[in-house]
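Text of the file entry05.json, holding JSON, C-alpha atoms:
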[["chain", "number", "residue", "atom", "x", "y", "z"],
["A", 1, "MET", "CA", -104.81, -47.12, -91.20],
["A", 2, "ALA", "CA", -106.87, -49.40, -89.09],
["A", 3, "GLU", "CA", -110.08, -50.78, -90.45],
["A", 4, "GLN", "CA", -112.59, -48.02, -90.78],
["A", 5, "PRO", "CA", -115.94, -49.26, -92.05],
["A", 6, "GLU", "CA", -116.80, -50.65, -88.66],
["A", 7, "ALA", "CA", -116.19, -47.30, -87.11],
["A", 8, "VAL", "CA", -118.61, -45.69, -89.45],
["A", 9, "LEU", "CA", -121.96, -46.17, -87.86],
["A", 10, "PRO", "CA", -124.82, -43.74, -87.91],
["A", 11, "LEU", "CA", -125.80, -41.88, -84.81],
["A", 12, "PRO", "CA", -127.22, -42.30, -82.35],
["A", 13, "PRO", "CA", -125.76, -45.37, -80.73],
["A", 14, "SER", "CA", -128.55, -47.75, -79.97],
["A", 15, "GLY", "CA", -127.05, -49.49, -77.04],
["A", 16, "ALA", "CA", -124.23, -51.94, -76.96],
["A", 17, "ALA", "CA", -122.21, -52.61, -80.01],
["A", 18, "ASP", "CA", -122.97, -55.98, -81.36],
["A", 19, "GLY", "CA", -119.48, -57.22, -81.63],
["A", 20, "GLU", "CA", -119.14, -55.58, -85.01],
["A", 21, "GLY", "CA", -116.41, -53.45, -83.80],
["A", 22, "PRO", "CA", -115.35, -50.99, -81.22],
["A", 23, "THR", "CA", -117.46, -48.10, -82.25],
["A", 24, "ASP", "CA", -120.40, -46.83, -80.30],
["A", 25, "VAL", "CA", -119.80, -45.52, -76.92],
["A", 26, "SER", "CA", -123.10, -44.76, -75.39],
["A", 27, "PRO", "CA", -123.27, -42.42, -72.51],
["A", 28, "GLY", "CA", -123.92, -44.51, -69.53],
["A", 29, "THR", "CA", -121.68, -47.35, -70.60],
["A", 30, "ALA", "CA", -118.30, -47.43, -69.08],
["A", 31, "THR", "CA", -116.75, -49.00, -72.13],
["A", 32, "PRO", "CA", -113.03, -49.48, -71.93],
["A", 33, "GLU", "CA", -111.00, -47.96, -74.74],
["A", 34, "PRO", "CA", -111.67, -50.15, -77.73],
["A", 35, "PRO", "CA", -108.73, -51.90, -79.35],
["A", 36, "SER", "CA", -106.75, -49.76, -81.71],
["A", 37, "SER", "CA", -108.95, -50.55, -84.66],
["A", 38, "ALA", "CA", -111.35, -47.75, -83.93],
["A", 39, "ALA", "CA", -109.27, -44.68, -84.29],
["A", 40, "VAL", "CA", -112.32, -42.74, -85.25],
["A", 41, "SER", "CA", -115.69, -43.33, -83.74],
["A", 42, "PRO", "CA", -118.88, -41.36, -83.68],
["A", 43, "GLY", "CA", -118.68, -38.88, -80.89],
["A", 44, "THR", "CA", -121.73, -38.60, -78.79],
["A", 45, "GLU", "CA", -121.98, -37.56, -75.21],
["A", 46, "GLU", "CA", -118.83, -39.33, -74.21],
["A", 47, "PRO", "CA", -118.00, -39.01, -70.57],
["A", 48, "ALA", "CA", -115.01, -36.79, -69.97],
["A", 49, "GLY", "CA", -112.98, -39.50, -68.30],
["A", 50, "ASP", "CA", -112.79, -41.57, -71.41],
["A", 51, "THR", "CA", -111.67, -38.87, -73.74],
["A", 52, "LYS", "CA", -108.10, -38.48, -72.66],
["A", 53, "LYS", "CA", -106.88, -40.45, -75.62],
["A", 54, "LYS", "CA", -109.48, -39.09, -77.97],
["A", 55, "ILE", "CA", -110.52, -35.62, -78.81],
["A", 56, "ASP", "CA", -113.80, -34.41, -80.20],
["A", 57, "ILE", "CA", -113.78, -33.20, -83.74],
["A", 58, "LEU", "CA", -116.60, -31.40, -85.48],
["A", 59, "LEU", "CA", -116.46, -31.69, -89.23],
["A", 60, "LYS", "CA", -117.95, -29.00, -91.42],
["A", 61, "ALA", "CA", -118.25, -29.08, -95.19],
["A", 62, "VAL", "CA", -117.06, -26.21, -97.36],
["A", 63, "GLY", "CA", -118.30, -25.34, -100.81],
["A", 64, "ASP", "CA", -120.26, -28.01, -102.55],
["A", 65, "THR", "CA", -118.58, -30.83, -100.68],
["A", 66, "PRO", "CA", -121.07, -33.40, -99.45],
["A", 67, "ILE", "CA", -122.04, -33.01, -95.84],
["A", 68, "MET", "CA", -121.30, -35.92, -93.59],
["A", 69, "LYS", "CA", -124.30, -37.36, -91.81],
["A", 70, "THR", "CA", -122.21, -37.78, -88.74],
["A", 71, "LYS", "CA", -120.39, -34.59, -88.00],
["A", 72, "LYS", "CA", -119.05, -35.16, -84.58],
["A", 73, "TRP", "CA", -116.31, -37.70, -84.10],
["A", 74, "ALA", "CA", -114.10, -38.86, -81.29],
["A", 75, "VAL", "CA", -110.66, -39.28, -82.72],
["A", 76, "GLU", "CA", -107.44, -40.56, -81.22],
["A", 77, "ARG", "CA", -104.98, -37.78, -80.60],
["A", 78, "THR", "CA", -102.32, -39.45, -82.65],
["A", 79, "ARG", "CA", -104.47, -39.71, -85.75],
["A", 80, "THR", "CA", -102.89, -37.68, -88.50],
["A", 81, "ILE", "CA", -104.61, -35.28, -90.81],
["A", 82, "GLN", "CA", -103.88, -37.66, -93.64],
["A", 83, "GLY", "CA", -105.57, -40.45, -91.74],
["A", 84, "LEU", "CA", -108.60, -38.26, -91.23],
["A", 85, "ILE", "CA", -108.64, -37.30, -94.89],
["A", 86, "ASP", "CA", -108.58, -40.95, -95.93],
["A", 87, "PHE", "CA", -111.38, -41.66, -93.53],
["A", 88, "ILE", "CA", -113.60, -38.84, -94.76],
["A", 89, "LYS", "CA", -112.92, -39.72, -98.38],
["A", 90, "LYS", "CA", -114.02, -43.27, -97.72],
["A", 91, "PHE", "CA", -117.03, -42.11, -95.78],
["A", 92, "LEU", "CA", -118.09, -39.75, -98.54],
["A", 93, "LYS", "CA", -117.18, -42.31, -101.18],
["A", 94, "LEU", "CA", -114.95, -39.92, -103.06],
["A", 95, "VAL", "CA", -113.00, -41.26, -106.00],
["A", 96, "ALA", "CA", -109.22, -41.37, -106.03],
["A", 97, "SER", "CA", -109.00, -38.45, -108.41],
["A", 98, "GLU", "CA", -110.70, -36.17, -105.94],
["A", 99, "GLN", "CA", -108.56, -34.46, -103.39],
["A", 100, "LEU", "CA", -109.87, -33.59, -99.96],
["A", 101, "PHE", "CA", -108.46, -30.75, -97.90],
["A", 102, "ILE", "CA", -108.91, -30.17, -94.22],
["A", 103, "TYR", "CA", -108.61, -26.73, -92.65],
["A", 104, "VAL", "CA", -108.26, -25.27, -89.20],
["A", 105, "ASN", "CA", -109.55, -21.76, -88.67],
["A", 106, "GLN", "CA", -111.39, -22.29, -91.93],
["A", 107, "SER", "CA", -108.34, -21.18, -93.82],
["A", 108, "PHE", "CA", -105.20, -23.08, -93.00],
["A", 109, "ALA", "CA", -104.42, -26.59, -94.15],
["A", 110, "PRO", "CA", -102.26, -28.44, -91.64],
["A", 111, "SER", "CA", -99.67, -30.73, -93.16],
["A", 112, "PRO", "CA", -100.73, -34.35, -93.69],
["A", 113, "ASP", "CA", -98.55, -35.69, -90.90],
["A", 114, "GLN", "CA", -99.89, -33.30, -88.30],
["A", 115, "GLU", "CA", -101.56, -35.05, -85.39],
["A", 116, "VAL", "CA", -105.09, -34.01, -84.50],
["A", 117, "GLY", "CA", -104.14, -33.93, -80.85],
["A", 118, "THR", "CA", -101.71, -31.11, -81.52],
["A", 119, "LEU", "CA", -104.30, -29.26, -83.55],
["A", 120, "TYR", "CA", -106.74, -29.63, -80.72],
["A", 121, "GLU", "CA", -104.22, -28.09, -78.34],
["A", 122, "CYS", "CA", -103.69, -25.15, -80.64],
["A", 123, "PHE", "CA", -107.08, -24.56, -82.14],
["A", 124, "GLY", "CA", -109.60, -26.40, -80.03],
["A", 125, "SER", "CA", -112.23, -24.58, -78.05],
["A", 126, "ASP", "CA", -115.31, -25.54, -76.09],
["A", 127, "GLY", "CA", -113.89, -29.04, -75.81],
["A", 128, "LYS", "CA", -113.73, -29.68, -79.52],
["A", 129, "LEU", "CA", -111.74, -29.07, -82.62],
["A", 130, "VAL", "CA", -113.66, -27.70, -85.57],
["A", 131, "LEU", "CA", -112.28, -28.80, -88.90],
["A", 132, "HIS", "CA", -113.57, -27.73, -92.26],
["A", 133, "TYR", "CA", -113.17, -30.05, -95.19],
["A", 134, "CYS", "CA", -113.41, -29.37, -98.88],
["A", 135, "LYS", "CA", -113.10, -31.56, -101.93],
["A", 136, "SER", "CA", -111.36, -30.49, -105.06],
["A", 137, "GLN", "CA", -109.99, -31.70, -108.34],
["A", 138, "ALA", "CA", -106.94, -29.73, -107.44],
["A", 139, "TRP", "CA", -104.38, -31.28, -109.68],
["A", 140, "GLY", "CA", -104.65, -32.49, -113.21],
["B", 1, "MET", "CA", -119.34, -11.00, -110.94],
["B", 2, "GLU", "CA", -116.34, -13.26, -110.95],
["B", 3, "GLU", "CA", -116.81, -16.84, -109.98],
["B", 4, "ASP", "CA", -113.20, -17.46, -109.27],
["B", 5, "GLU", "CA", -111.13, -15.70, -106.70],
["B", 6, "PHE", "CA", -108.23, -14.07, -108.44],
["B", 7, "LEU", "CA", -105.43, -12.42, -106.65],
["B", 8, "GLY", "CA", -104.33, -8.97, -107.73],
["B", 9, "GLU", "CA", -100.68, -8.08, -107.65],
["B", 10, "LYS", "CA", -101.03, -5.47, -104.92],
["B", 11, "THR", "CA", -103.01, -7.89, -102.80],
["B", 12, "PHE", "CA", -100.34, -10.50, -103.38],
["B", 13, "GLN", "CA", -97.75, -8.08, -102.05],
["B", 14, "HIS", "CA", -99.88, -7.26, -99.06],
["B", 15, "TYR", "CA", -100.38, -10.87, -98.08],
["B", 16, "CYS", "CA", -96.70, -11.61, -98.60],
["B", 17, "ALA", "CA", -95.84, -8.73, -96.30],
["B", 18, "GLU", "CA", -98.12, -10.14, -93.60],
["B", 19, "PHE", "CA", -96.67, -13.57, -94.16],
["B", 20, "ILE", "CA", -93.12, -12.25, -93.82],
["B", 21, "LYS", "CA", -94.02, -10.48, -90.60],
["B", 22, "HIS", "CA", -94.87, -13.75, -89.02],
["B", 23, "SER", "CA", -91.91, -15.48, -90.58],
["B", 24, "GLN", "CA", -89.63, -12.94, -88.96],
["B", 25, "GLN", "CA", -91.30, -13.55, -85.63],
["B", 26, "ILE", "CA", -90.62, -17.24, -85.73],
["B", 27, "GLY", "CA", -87.37, -17.02, -87.65],
["B", 28, "ASP", "CA", -88.10, -19.56, -90.34],
["B", 29, "GLY", "CA", -86.26, -17.72, -93.03],
["B", 30, "TRP", "CA", -88.60, -16.25, -95.61],
["B", 31, "GLU", "CA", -87.47, -13.06, -97.28],
["B", 32, "TRP", "CA", -88.99, -10.63, -99.68],
["B", 33, "ARG", "CA", -87.24, -9.70, -102.88],
["B", 34, "THR", "CA", -88.36, -7.54, -105.72],
["B", 35, "SER", "CA", -87.08, -6.99, -109.14],
["B", 36, "LYS", "CA", -88.46, -5.13, -112.08],
["B", 37, "GLU", "CA", -89.77, -8.24, -113.70],
["B", 38, "ALA", "CA", -91.22, -10.17, -110.83],
["B", 39, "LEU", "CA", -92.13, -10.16, -107.20],
["B", 40, "GLU", "CA", -90.99, -13.01, -105.14],
["B", 41, "LEU", "CA", -90.73, -14.49, -101.76],
["B", 42, "PRO", "CA", -87.86, -16.91, -101.50],
["B", 43, "LEU", "CA", -87.15, -19.22, -98.69],
["B", 44, "ASP", "CA", -83.44, -19.66, -98.54],
["B", 45, "ASP", "CA", -81.67, -22.57, -97.10],
["B", 46, "SER", "CA", -84.15, -23.11, -94.36],
["B", 47, "GLU", "CA", -85.45, -26.45, -95.36],
["B", 48, "VAL", "CA", -82.94, -29.13, -94.80],
["B", 49, "THR", "CA", -84.33, -32.60, -94.47],
["B", 50, "GLU", "CA", -82.78, -35.98, -94.25],
["B", 51, "ALA", "CA", -83.53, -38.57, -96.84],
["B", 52, "THR", "CA", -84.59, -41.82, -95.29],
["B", 53, "ALA", "CA", -82.69, -44.12, -97.60],
["B", 54, "ALA", "CA", -79.18, -42.99, -96.94],
["B", 55, "THR", "CA", -77.67, -40.48, -94.60],
["B", 56, "GLU", "CA", -77.97, -37.74, -97.12],
["B", 57, "VAL", "CA", -78.95, -34.21, -96.40],
["B", 58, "ILE", "CA", -81.15, -32.57, -98.94],
["B", 59, "LYS", "CA", -81.52, -28.87, -99.31],
["B", 60, "TYR", "CA", -84.82, -27.50, -100.51],
["B", 61, "GLU", "CA", -85.35, -24.00, -101.68],
["B", 62, "TYR", "CA", -88.78, -22.49, -102.17],
["B", 63, "HIS", "CA", -89.82, -19.31, -103.89],
["B", 64, "VAL", "CA", -93.26, -17.82, -104.12],
["B", 65, "LEU", "CA", -93.80, -15.76, -107.22],
["B", 66, "TYR", "CA", -96.74, -13.96, -108.66],
["B", 67, "SER", "CA", -98.11, -15.08, -111.99],
["B", 68, "CYS", "CA", -99.61, -12.21, -113.92],
["B", 69, "SER", "CA", -101.16, -14.47, -116.47],
["B", 70, "TYR", "CA", -102.92, -16.70, -113.98],
["B", 71, "GLN", "CA", -103.25, -14.00, -111.32],
["B", 72, "VAL", "CA", -102.28, -16.38, -108.60],
["B", 73, "PRO", "CA", -99.12, -17.12, -106.66],
["B", 74, "VAL", "CA", -96.88, -19.85, -108.00],
["B", 75, "LEU", "CA", -94.50, -22.07, -106.10],
["B", 76, "TYR", "CA", -91.05, -22.47, -107.56],
["B", 77, "PHE", "CA", -88.73, -24.89, -105.84],
["B", 78, "ARG", "CA", -85.58, -26.86, -106.26],
["B", 79, "ALA", "CA", -83.69, -29.39, -104.26],
["B", 80, "SER", "CA", -80.13, -30.53, -104.18],
["B", 81, "PHE", "CA", -77.81, -32.67, -102.18],
["B", 82, "LEU", "CA", -75.32, -30.86, -100.04],
["B", 83, "ASP", "CA", -72.57, -31.50, -102.53],
["B", 84, "GLY", "CA", -74.57, -29.49, -105.02],
["B", 85, "ARG", "CA", -76.00, -32.30, -107.11],
["B", 86, "PRO", "CA", -79.42, -31.11, -108.17],
["B", 87, "PHE", "CA", -82.56, -33.18, -107.93],
["B", 88, "SER", "CA", -84.08, -34.40, -111.14],
["B", 89, "LEU", "CA", -87.81, -34.35, -111.77],
["B", 90, "LYS", "CA", -87.78, -38.03, -110.95],
["B", 91, "ASP", "CA", -86.10, -37.36, -107.61],
["B", 92, "ILE", "CA", -88.59, -34.62, -106.85],
["B", 93, "TRP", "CA", -91.43, -36.92, -107.72],
["B", 94, "GLU", "CA", -90.11, -39.53, -105.34],
["B", 95, "GLY", "CA", -90.10, -36.95, -102.60],
["B", 96, "VAL", "CA", -93.75, -36.10, -102.99],
["B", 97, "HIS", "CA", -95.80, -37.05, -99.96],
["B", 98, "GLU", "CA", -97.50, -40.43, -100.28],
["B", 99, "CYS", "CA", -100.94, -39.00, -99.94],
["B", 100, "TYR", "CA", -100.63, -36.87, -103.05],
["B", 101, "LYS", "CA", -99.03, -39.48, -105.22],
["B", 102, "THR", "CA", -102.21, -41.19, -106.36],
["B", 103, "ARG", "CA", -103.61, -37.92, -107.54],
["B", 104, "LEU", "CA", -100.42, -36.67, -109.08],
["B", 105, "GLN", "CA", -99.66, -40.00, -110.64],
["B", 106, "GLN", "CA", -102.31, -39.28, -113.16],
["B", 107, "GLY", "CA", -100.20, -36.55, -114.59],
["B", 108, "PRO", "CA", -97.09, -35.64, -112.65],
["B", 109, "TRP", "CA", -95.38, -34.21, -115.64],
["B", 110, "ASP", "CA", -98.19, -31.74, -116.09],
["B", 111, "THR", "CA", -98.40, -30.78, -112.47],
["B", 112, "ILE", "CA", -94.73, -30.33, -111.72],
["B", 113, "THR", "CA", -92.68, -28.93, -114.55],
["B", 114, "GLN", "CA", -89.27, -27.47, -114.89],
["B", 115, "GLN", "CA", -89.11, -23.80, -115.72],
["B", 116, "GLU", "CA", -86.61, -21.03, -115.75],
["B", 117, "HIS", "CA", -86.86, -18.82, -112.70],
["B", 118, "PRO", "CA", -87.92, -15.38, -113.97],
["B", 119, "ILE", "CA", -85.44, -13.55, -111.77],
["B", 120, "LEU", "CA", -82.60, -15.95, -111.21],
["B", 121, "GLY", "CA", -82.70, -17.46, -114.64],
["B", 122, "GLN", "CA", -81.97, -20.88, -113.23],
["B", 123, "PRO", "CA", -84.00, -24.03, -113.66],
["B", 124, "PHE", "CA", -86.57, -24.58, -110.96],
["B", 125, "PHE", "CA", -89.48, -26.91, -110.56],
["B", 126, "VAL", "CA", -92.87, -25.33, -110.60],
["B", 127, "LEU", "CA", -96.17, -26.51, -109.24],
["B", 128, "HIS", "CA", -98.54, -25.62, -112.04],
["B", 129, "PRO", "CA", -100.92, -22.84, -111.07],
["B", 130, "CYS", "CA", -103.80, -23.63, -113.37],
["B", 131, "LYS", "CA", -105.86, -25.32, -110.67],
["B", 132, "THR", "CA", -105.08, -22.88, -107.91],
["B", 133, "ASN", "CA", -108.37, -21.07, -108.19],
["B", 134, "GLU", "CA", -110.21, -24.30, -107.94],
["B", 135, "PHE", "CA", -109.06, -25.07, -104.45],
["B", 136, "MET", "CA", -108.71, -21.50, -103.24],
["B", 137, "THR", "CA", -112.16, -20.30, -104.24],
["B", 138, "PRO", "CA", -114.19, -22.38, -101.75],
["B", 139, "VAL", "CA", -111.91, -21.34, -98.91],
["B", 140, "LEU", "CA", -112.13, -17.66, -99.77],
["B", 141, "LYS", "CA", -115.86, -17.72, -100.39],
["B", 142, "ASN", "CA", -116.37, -19.44, -97.09],
["B", 143, "SER", "CA", -114.35, -16.93, -95.14],
["B", 144, "ARG", "CA", -116.14, -14.09, -96.85],
["B", 145, "LYS", "CA", -119.41, -15.56, -95.68],
["B", 146, "ILE", "CA", -118.28, -15.34, -92.09],
["B", 147, "ASN", "CA", -116.58, -12.00, -92.56],
["B", 148, "ARG", "CA", -113.14, -13.23, -91.78],
["B", 149, "ASN", "CA", -109.94, -12.10, -93.36],
["B", 150, "VAL", "CA", -107.86, -14.83, -94.84],
["B", 151, "ASN", "CA", -104.25, -14.44, -95.82],
["B", 152, "TYR", "CA", -104.33, -15.86, -99.32],
["B", 153, "ILE", "CA", -100.63, -16.63, -99.31],
["B", 154, "THR", "CA", -100.75, -18.46, -95.99],
["B", 155, "SER", "CA", -103.75, -20.53, -96.99],
["B", 156, "TRP", "CA", -102.42, -21.28, -100.42],
["B", 157, "LEU", "CA", -98.99, -22.25, -99.19],
["B", 158, "SER", "CA", -100.43, -24.46, -96.48],
["B", 159, "ILE", "CA", -102.21, -26.38, -99.21],
["B", 160, "VAL", "CA", -99.56, -26.67, -101.91],
["B", 161, "GLY", "CA", -96.48, -26.71, -99.72],
["B", 162, "PRO", "CA", -96.84, -30.22, -98.30],
["B", 163, "VAL", "CA", -97.07, -31.64, -101.80],
["B", 164, "VAL", "CA", -93.45, -30.73, -102.31],
["B", 165, "GLY", "CA", -92.10, -31.04, -98.83],
["B", 166, "LEU", "CA", -92.84, -27.62, -97.41],
["B", 167, "ASN", "CA", -94.79, -27.70, -94.18],
["B", 168, "LEU", "CA", -95.72, -24.40, -92.62],
["B", 169, "PRO", "CA", -95.61, -24.20, -88.84],
["B", 170, "LEU", "CA", -99.06, -24.04, -87.27],
["B", 171, "SER", "CA", -98.38, -20.61, -85.86],
["B", 172, "TYR", "CA", -99.01, -19.19, -89.32],
["B", 173, "ALA", "CA", -102.62, -20.23, -88.98],
["B", 174, "ARG", "CA", -103.03, -18.20, -85.84],
["B", 175, "ALA", "CA", -101.10, -15.26, -87.23],
["B", 176, "ALA", "CA", -103.27, -15.17, -90.31],
["B", 177, "SER", "CA", -106.46, -14.88, -88.37],
["B", 178, "GLN", "CA", -105.02, -12.21, -86.14],
["B", 179, "ASN", "CA", -104.27, -9.87, -88.97],
["B", 180, "GLU", "CA", -107.73, -8.47, -89.36]]
Encoding of this model in structure tokens:
Amino acid sequence: MAEQPEAVLPLPPSGAADGEGPTDVSPGTATPEPPSSAAVSPGTEEPAGDTKKKIDILLKAVGDTPIMKTKKWAVERTRTIQGLIDFIKKFLKLVASEQLFIYVNQSFAPSPDQEVGTLYECFGSDGKLVLHYCKSQAWG
Amino acid sequence: MEEDEFLGEKTFQHYCAEFIKHSQQIGDGWEWRTSKEALELPLDDSEVTEATAATEVIKYEYHVLYSCSYQVPVLYFRASFLDGRPFSLKDIWEGVHECYKTRLQQGPWDTITQQEHPILGQPFFVLHPCKTNEFMTPVLKNSRKINRNVNYITSWLSIVGPVVGLNLPLSYARAASQNE
């Protein structure tokens, strides 16, 4: 997975990115698609034209899983569920022994290789895909 | 008031029936079988995947059974090459999806064990059910909060299946939420 820490910046974007990485896309800036390193970037009011390759995902915590400060993300369609899981785990600083599950419809866990673009096609509404995430010590 | 979400036998049957309904619609091969001793939902011959190393075809077989002692469903599975050579626990372990390996590595032999199938009497691998409540409870509690019906079997299988190579088609997710 491409380097993530740069993509993890708090909202709201305060103007141009300072060369740290292809992350913030402020509304008014016609920023070209950043190089592939930012597969996940904070989703703000991104103009519709730019979001063909990315879809908006809204992340919601389930149970006593920590809530992410940034809930809305623009994610490349080809990003897999597993990629998203790794990203959230890093963001939430979960330890390796903790498992993180992602659900669509609040009840169904797509397989790890499923692409978010496909999920968006099937389960997205109002221009976004809502995904619930939950941590667990599921095995062992 | 129970903290954990246990699954009663009748409820298990109900969810399996709903699950089968959808399976029949999409033709992915699940069947329902009963016997005096156990209730089960076997998936026969539908999962055939190619191993990446050599041009080998591997046949996976999955059965969903109900555990009275744990009051949860349990996934029994086995795999073999087309010539009938069965997979060993080591082979199974190698087939586990990368993303689960770190977690399972801490105790694969506890998580996946070999047991005798209660109905068939043959050796199967079993994904240990002791932690099932732990990951099912938040999902069920959450859906209860929003007054939505969740098919326990569908949710559970979507979570445990990928660990051992079983990926449910997305249409199950839609079907589950339609059965209100």
Practice problem: May I have the residues of chain B within 9 Å of chain A, counting only C-alpha atoms, written as JSON, numbers by chain? | Solution: {"B": [97, 99, 100, 102, 103, 104, 106, 107, 108, 110, 111, 128, 130, 131, 132, 133, 134, 135, 137, 138, 139, 140, 141, 142, 143, 150, 151, 152, 154, 155, 156, 157, 158, 159, 161, 162, 166, 167, 168, 169, 170, 171, 172, 173, 174, 176, 177]}
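Taking atom CA of B:Ile146 and atom CA of A:Val130 as the two end points, the separation is 14.7 Å.
As for atom CA of A:Phe87 and atom CA of B:Leu75, they are spaced 28.8 Å apart.
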Self-check item: Between atom CA of A:Val40 and atom CA of A:Ile88 - distance in Å to one decimal
Solution: 10.4 Å
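Considering all atoms listed in the file, the residue among B:Trp30, B:Tyr66, B:Phe125, B:Tyr60 positioned nearest to B:Leu89 is B:Phe125.
Distances here use only C-alpha atoms; by that measure, the residue among A:Leu129, A:Pro42, A:Glu121, A:Val116 closest to A:Ala74 is A:Pro42.
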Quiz prompt | Residue neighbourhood B:Ile20, 10 Å, only C-alpha atoms, exclusion window fewer than 3 positions, as a PyMOL selection string | solution = chain B and resi 14-17+23-32+41
Quiz item: Which one is closest to B:Val164: B:His22, B:Lys101, B:His117, B:Arg144? Count only C-alpha atoms.
Solution: B:Lys101
